[in-house]
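Enquirer: Questions regarding the structure given below will be posed in turn.
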Amino acid sequence: MVVRKKGKMVAIVDDDDLMRSALQGLMKFAGLPAQAFASAEEFLKSGQQNEVGCLVADIRMPGMSGLELQAKLNADQCRIPTIFITAHGDEKMRMQALRAGAVEFMAKPFDDEALLESVRAALEC
């Protein structure tokens, strides 16, 4: 098992430039350090998994999906509290994500304050 120090950075993984920028701005406004990644692969290549206290990830992305990213992190014993955001979710997908350890599953468009509340709770895990 990998022992991971408790990170406070929020990692944002979304293939949509505008969404990434908006989420990064929201985190900055709330005083939360955040880094954005255009893909799951980019996040994994960054090597910053141990510095992340919360992961906000889109479900559907080209290449590795958010659910596949979650499965890869779990397989690597890297448990990062994850909040999924999606415009294409359904109840089956939501249950799959939550069973695999996601702390929240939010449909786009979502309330900014609700997202921040979930991120802050995840950072306390």
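Labeling convention for the structure tokens: chains A, B, ... as they appear, residues from 1 per chain, ligands from 1 in order of appearance.
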Just the helix (DSSP H, G or I) stuff from chain A, please, per backbone DSSP, written as a PyMOL selection string.
Expert: chain A and resi 17-29+40-46+49-51+66-75+91-99+112-124
Enquirer: Quick one: contact table of range 51-77 of chain A to range 25-41 of chain A, 8 Å max, nearest atom pair and distance in Å to one decimal per residue, counting only C-alpha atoms, chain and number order, as a tab-separated table?
Expert:
```
residue	atom	partner	partner_atom	distance
A:Met61	CA	A:Ser39	CA	7.1
A:Pro62	CA	A:Ser39	CA	7.6
A:Gly63	CA	A:Ser39	CA	7.7
A:Met64	CA	A:Ala40	CA	5.9
A:Ser65	CA	A:Ala40	CA	7.1
A:Gly66	CA	A:Ala40	CA	7.0
A:Leu69	CA	A:Ala40	CA	6.1
```
Enquirer: Mind writing the picked residues with C-alpha atoms as a PDB file, in the first residue's frame?
Expert:
```pdb
ATOM      1  CA  MET A  61     -13.058  12.519 -22.074  1.00  0.00           C
ATOM      2  CA  PRO A  62     -11.120  11.403 -25.130  1.00  0.00           C
ATOM      3  CA  GLY A  63      -8.637   8.694 -24.220  1.00  0.00           C
ATOM      4  CA  MET A  64      -8.932   7.560 -20.630  1.00  0.00           C
ATOM      5  CA  SER A  65     -12.312   8.370 -19.063  1.00  0.00           C
ATOM      6  CA  GLY A  66     -12.757   9.705 -15.561  1.00  0.00           C
ATOM      7  CA  LEU A  69      -8.669   7.203 -14.199  1.00  0.00           C
TER       8      LEU A  69
END
```
Enquirer: Select, from A:Ala11, A:Ala87, A:Ala100, A:Leu23, the residue with the minimum atom-to-atom distance to Ala75 in chain A, counting only C-alpha atoms.
Expert: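 Ranked by minimum distance to Ala75 in chain A, first place goes to A:Ala100.
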Enquirer: With distances taken over only C-alpha atoms, which of A:Leu98, A:Cys54, A:Met106, A:Ile85 is nearest to Ala122 in chain A?
Expert: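 Among A:Leu98, A:Cys54, A:Met106, A:Ile85, it is A:Cys54 that comes nearest to Ala122 in chain A.
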Enquirer: Report, in Å to a single decimal, how far apart CA of Thr82 in chain A and CA of Leu55 in chain A are.
Expert: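 Pair CA of Leu55 in chain A / CA of Thr82 in chain A returns 4.7 Å.
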Enquirer: Report, in Å with one decimal, the straight-line distance from CA of Cys125 in chain A to CA of Val52 in chain A.
Expert: 11.9 Å
Enquirer: Using only C-alpha atoms, can you tell me which of A:Ile80, A:Leu67, A:Ser21, A:Leu115 comes closest to Lys8 in chain A?
Expert: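 Distance minimum relative to Lys8 in chain A lands on A:Ile80.
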Enquirer: I want to know what sits within 8 Å of Ala97 in chain A, based on only C-alpha atoms, with residues of the same chain fewer than 5 positions away left out; could you give that as a PyMOL selection string?
Expert: chain A and resi 67+84+102+105
Enquirer: Could you turn the residues from that selection into a file that holds C-alpha atoms, as a JSON list (two decimals), in the first residue's frame?
Expert:
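Once written, selection-v7.json looks like this:
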```json
[["chain", "number", "residue", "atom", "x", "y", "z"],
["A", 67, "LEU", "CA", -13.95, 6.28, -14.39],
["A", 84, "PHE", "CA", -17.03, 13.55, -10.79],
["A", 102, "ALA", "CA", -16.03, 8.75, -5.47],
["A", 105, "PHE", "CA", -21.14, 12.82, -8.59]]
```
Enquirer: Write out as a compact mmCIF listing (two decimals) with C-alpha atoms, in the first residue's frame which residues come within 10 Å of Gly101 in chain A when counting only C-alpha atoms, dropping same-chain ones fewer than 2 positions away.
Expert:
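Output file out29.txt follows:
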```txt
# COMPACT_ATOMS: atom_id res chain seq x y z
CA GLN A 70 -10.35 6.38 -10.90
CA ALA A 71 -9.80 2.64 -11.50
CA ASN A 74 -7.32 2.64 -7.11
CA ARG A 79 -6.79 6.89 -2.94
CA ILE A 80 -7.65 10.46 -3.86
CA PRO A 81 -11.11 11.74 -2.88
CA THR A 82 -12.76 12.22 -6.28
CA ILE A 83 -15.66 14.38 -7.37
CA MET A 95 -23.48 4.16 -8.74
CA GLN A 96 -20.36 2.74 -10.41
CA ALA A 97 -18.37 5.87 -9.51
CA LEU A 98 -19.61 5.97 -5.92
CA ARG A 99 -19.01 2.23 -5.38
CA VAL A 103 -17.15 11.23 -2.84
CA GLU A 104 -19.57 13.07 -5.13
```
Enquirer: Name the closest residue to Gly89 in chain A among the candidates A:Arg120, A:Lys45, A:Arg20, A:Lys108; distances are taken between atoms, counting only C-alpha atoms.
Expert: A:Lys108
Enquirer: From the set A:Asp112, A:Ser118, A:Lys72, A:Lys92, which residue has the shortest atom-to-atom contact distance to Leu44 in chain A, counting only C-alpha atoms?
Expert: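 So, comparing all the options, the nearest one is A:Lys72.
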Enquirer: Nearest residue to Met19 in chain A out of A:Glu42, A:Glu124, A:Asp58, A:Glu68, using only C-alpha atoms?
Expert: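 Ranking A:Glu42, A:Glu124, A:Asp58, A:Glu68 by distance to Met19 in chain A, first place goes to A:Asp58.
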